Amino acid sequence: MKISIIVPVYNAEEYLSKCLESLVNQTYQNIEIILVDDGSTDASPQMCDEYAQKDDRIIVIHKENEGLSLTRNVGMAAITGDFFTFVDSDDWLSYNYVENLVVALEANDIDIVFTSYLKEYKLKSVGVTFFPEDEIIFKSSEGSNEVLRRLVGEIGDELQHPERIENLNTAWGKCYRTSKFKQLKFDDGNEIRSEDLWFNIQAFYLTERSMYINNQGYHYNKQNENSIVSTYTPHLADKFNKLNNMIEDFIGLHKLGEDYILALNSRRVLMLLTIAINEFSNQKISFWQRTKKMKTILNGQEYTKAFREFEYGKLSCVYRIFFKACEKKQAMIVGLIISMALFKRKRLG
């Protein structure tokens, strides 16, 4: 069984060597490593070429800068493996990560295997798990399955942790059957937010059997301040709304049922946390200007509708206050809560 590993690379010289060393030293060696240089302006292109000269399992593709989504699509077009997975160029893998994936794939007839992972901060590692069991196999019924519903949004007890809603979205940390999913494409990330989520919603809808394993061998680098997820994103609320509308159409098209509608409704509300963090992280404008922008966002009809059906019962006190402030369009209170949280996060590193 051959595993293709796609690594989009953009100005990653500080972290690239650690990433590539973790790949070339995998205990499972029947792999191909597809490095797609997205028009980097630092030493990353040369580093990719140097690694390719030393290891014939590495394929390097240089292209003009187009962004993460289109870069991943280029990598997918070059796949020759039976399964494929993604690794971001500032992340790294434990040496036995791919071997553990292959063991699961060979023992079970599955289309996707997905894993827990570690968030790597400067002073600590934080594990991210999705289920209490170490291994679970999910079977689909007419395209519907628990993982797909979790991707759409959270319901019930899952609402206890709003900060976790995006943890499952990622394209990395998953290994996909090539024959089933190579035809899928990532949407342009300039148009929607969380193109990974949209890719996975389509993939898990097509999946007949998937498997979760608690293998924290993927190391998600939270130290890179130049990462896409660490920078202010203009028009983020608009991008989320476009994605949510696409998901709503998808639910209707495939008649996925009431649980999916409730889950999407929760997603609309919970993503206000990410939107607020983004808006109040914008240091180029004053706090009052940020507050005004947030007020405009909260006045959107999509949120007024979503809050009518939102369940507050499972939220902690702090989150209840935050989302109630959002519902009442109290942008000043929202800003103060987020500013205090950002200050605390900065102090803790």
# chains A, B, ... in the order shown; residues from 1 in each chain; ligands from 1
>>> residues_around(residues="A:Tyr212", least_positions_apart="5", cutoff="9 Å", atoms="only C-alpha atoms", output="ChimeraX atom specification")
/A:112-116,130-131,133-138
>>> residues_around(residues="A:Cys48", least_positions_apart="5", cutoff="9 Å", atoms="only C-alpha atoms", output="short mmCIF file (atom, residue, chain, number, x, y, z; two decimals) with all heavy atoms, in the first residue's frame")
data_model
loop_
_atom_site.label_atom_id
_atom_site.label_comp_id
_atom_site.auth_asym_id
_atom_site.auth_seq_id
_atom_site.Cartn_x
_atom_site.Cartn_y
_atom_site.Cartn_z
N VAL A 9 3.69 24.31 0.33
CA VAL A 9 4.81 25.05 0.93
C VAL A 9 4.72 26.51 0.51
O VAL A 9 4.67 26.81 -0.70
CB VAL A 9 6.16 24.47 0.49
CG1 VAL A 9 7.31 25.28 1.09
CG2 VAL A 9 6.27 23.00 0.89
N LEU A 16 10.41 24.24 7.74
CA LEU A 16 10.33 23.21 6.70
C LEU A 16 11.22 22.01 6.96
O LEU A 16 10.82 20.86 6.73
CB LEU A 16 10.64 23.83 5.34
CG LEU A 16 10.42 22.94 4.12
CD1 LEU A 16 8.99 22.43 4.06
CD2 LEU A 16 10.76 23.71 2.83
N LEU A 20 10.02 18.15 6.95
CA LEU A 20 10.50 17.17 5.98
C LEU A 20 11.29 16.04 6.63
O LEU A 20 11.22 14.88 6.19
CB LEU A 20 11.33 17.87 4.91
CG LEU A 20 10.55 18.88 4.05
CD1 LEU A 20 11.43 19.47 2.97
CD2 LEU A 20 9.31 18.25 3.45
N LEU A 35 5.80 17.84 -2.67
CA LEU A 35 6.01 19.20 -2.17
C LEU A 35 5.56 20.18 -3.25
O LEU A 35 6.11 20.18 -4.36
CB LEU A 35 7.49 19.43 -1.83
CG LEU A 35 8.15 18.41 -0.89
CD1 LEU A 35 9.61 18.79 -0.66
CD2 LEU A 35 7.40 18.34 0.43
N VAL A 36 4.58 21.01 -2.92
CA VAL A 36 4.07 21.98 -3.89
C VAL A 36 4.43 23.37 -3.40
O VAL A 36 3.82 23.89 -2.46
CB VAL A 36 2.55 21.85 -4.09
CG1 VAL A 36 2.10 22.74 -5.25
CG2 VAL A 36 2.16 20.40 -4.34
N ASP A 37 5.44 23.96 -4.02
CA ASP A 37 5.89 25.30 -3.66
C ASP A 37 4.98 26.33 -4.30
O ASP A 37 4.92 26.47 -5.52
CB ASP A 37 7.34 25.48 -4.13
CG ASP A 37 7.77 26.95 -4.13
OD1 ASP A 37 7.35 27.67 -3.19
OD2 ASP A 37 8.48 27.35 -5.06
N ALA A 43 13.76 30.88 1.22
CA ALA A 43 14.62 29.77 0.81
C ALA A 43 13.87 28.45 0.65
O ALA A 43 14.49 27.42 0.33
CB ALA A 43 15.75 29.59 1.83
N GLN A 53 16.72 15.91 -4.12
CA GLN A 53 17.96 15.34 -4.63
C GLN A 53 18.46 14.21 -3.75
O GLN A 53 19.13 13.28 -4.23
CB GLN A 53 19.02 16.43 -4.74
CG GLN A 53 18.74 17.45 -5.85
CD GLN A 53 19.72 18.61 -5.85
OE1 GLN A 53 20.65 18.65 -5.05
NE2 GLN A 53 19.49 19.57 -6.74
N ILE A 58 10.59 11.95 -3.10
CA ILE A 58 10.10 13.33 -3.05
C ILE A 58 9.91 13.87 -4.46
O ILE A 58 10.80 13.79 -5.31
CB ILE A 58 11.06 14.23 -2.26
CG1 ILE A 58 11.14 13.77 -0.81
CG2 ILE A 58 10.62 15.69 -2.33
CD1 ILE A 58 12.12 14.56 0.04
N ILE A 59 8.73 14.43 -4.70
CA ILE A 59 8.41 15.12 -5.95
C ILE A 59 8.21 16.60 -5.61
O ILE A 59 7.48 16.93 -4.67
CB ILE A 59 7.12 14.56 -6.57
CG1 ILE A 59 7.26 13.06 -6.86
CG2 ILE A 59 6.72 15.34 -7.82
CD1 ILE A 59 5.94 12.38 -7.14
N VAL A 60 8.85 17.48 -6.36
CA VAL A 60 8.71 18.92 -6.12
C VAL A 60 8.01 19.57 -7.30
O VAL A 60 8.38 19.35 -8.46
CB VAL A 60 10.07 19.60 -5.88
CG1 VAL A 60 9.89 21.10 -5.64
CG2 VAL A 60 10.79 18.97 -4.69
#
>>> residues_around(residues="stretch 247-251 of chain A", least_positions_apart="5", cutoff="12 Å", atoms="only C-alpha atoms", output="ChimeraX atom specification")
/A:143-144,148-149,151-153,192,194-195,197-202,205,240-242,256-265,267-268,302
>>> select_by_dssp(residues="stretch 129-212 of chain A", states="alpha helix (DSSP H)", output="VMD selection string")
chain A and resid 146 to 152 178 to 181 195 to 206
>>> write_last_selection(atoms="C-alpha atoms", output="mmCIF file, in the first residue's frame")
data_model
loop_
_atom_site.group_PDB
_atom_site.id
_atom_site.type_symbol
_atom_site.label_atom_id
_atom_site.label_comp_id
_atom_site.auth_asym_id
_atom_site.auth_seq_id
_atom_site.Cartn_x
_atom_site.Cartn_y
_atom_site.Cartn_z
ATOM 1 C CA GLU A 146 -22.118 10.748 12.803
ATOM 2 C CA VAL A 147 -18.857 12.264 11.565
ATOM 3 C CA LEU A 148 -20.617 14.123 8.759
ATOM 4 C CA ARG A 149 -23.137 15.546 11.207
ATOM 5 C CA ARG A 150 -20.320 16.586 13.582
ATOM 6 C CA LEU A 151 -18.620 18.367 10.704
ATOM 7 C CA VAL A 152 -21.800 20.316 9.949
ATOM 8 C CA THR A 178 -7.442 7.900 -3.716
ATOM 9 C CA SER A 179 -9.873 6.080 -5.996
ATOM 10 C CA LYS A 180 -12.841 7.588 -4.171
ATOM 11 C CA PHE A 181 -11.741 11.130 -3.410
ATOM 12 C CA GLU A 195 -12.301 25.188 2.689
ATOM 13 C CA ASP A 196 -11.075 22.110 4.607
ATOM 14 C CA LEU A 197 -14.515 21.748 6.154
ATOM 15 C CA TRP A 198 -16.287 21.937 2.803
ATOM 16 C CA PHE A 199 -13.899 19.331 1.356
ATOM 17 C CA ASN A 200 -14.533 16.999 4.293
ATOM 18 C CA ILE A 201 -18.312 17.414 4.190
ATOM 19 C CA GLN A 202 -18.256 16.225 0.587
ATOM 20 C CA ALA A 203 -15.790 13.443 1.363
ATOM 21 C CA PHE A 204 -17.608 12.034 4.388
ATOM 22 C CA TYR A 205 -20.921 12.136 2.514
ATOM 23 C CA LEU A 206 -19.356 9.818 -0.073
#
>>> atom_distance(atom1="atom CA of A:Glu154", atom2="atom CA of A:Lys182")
28.0 Å
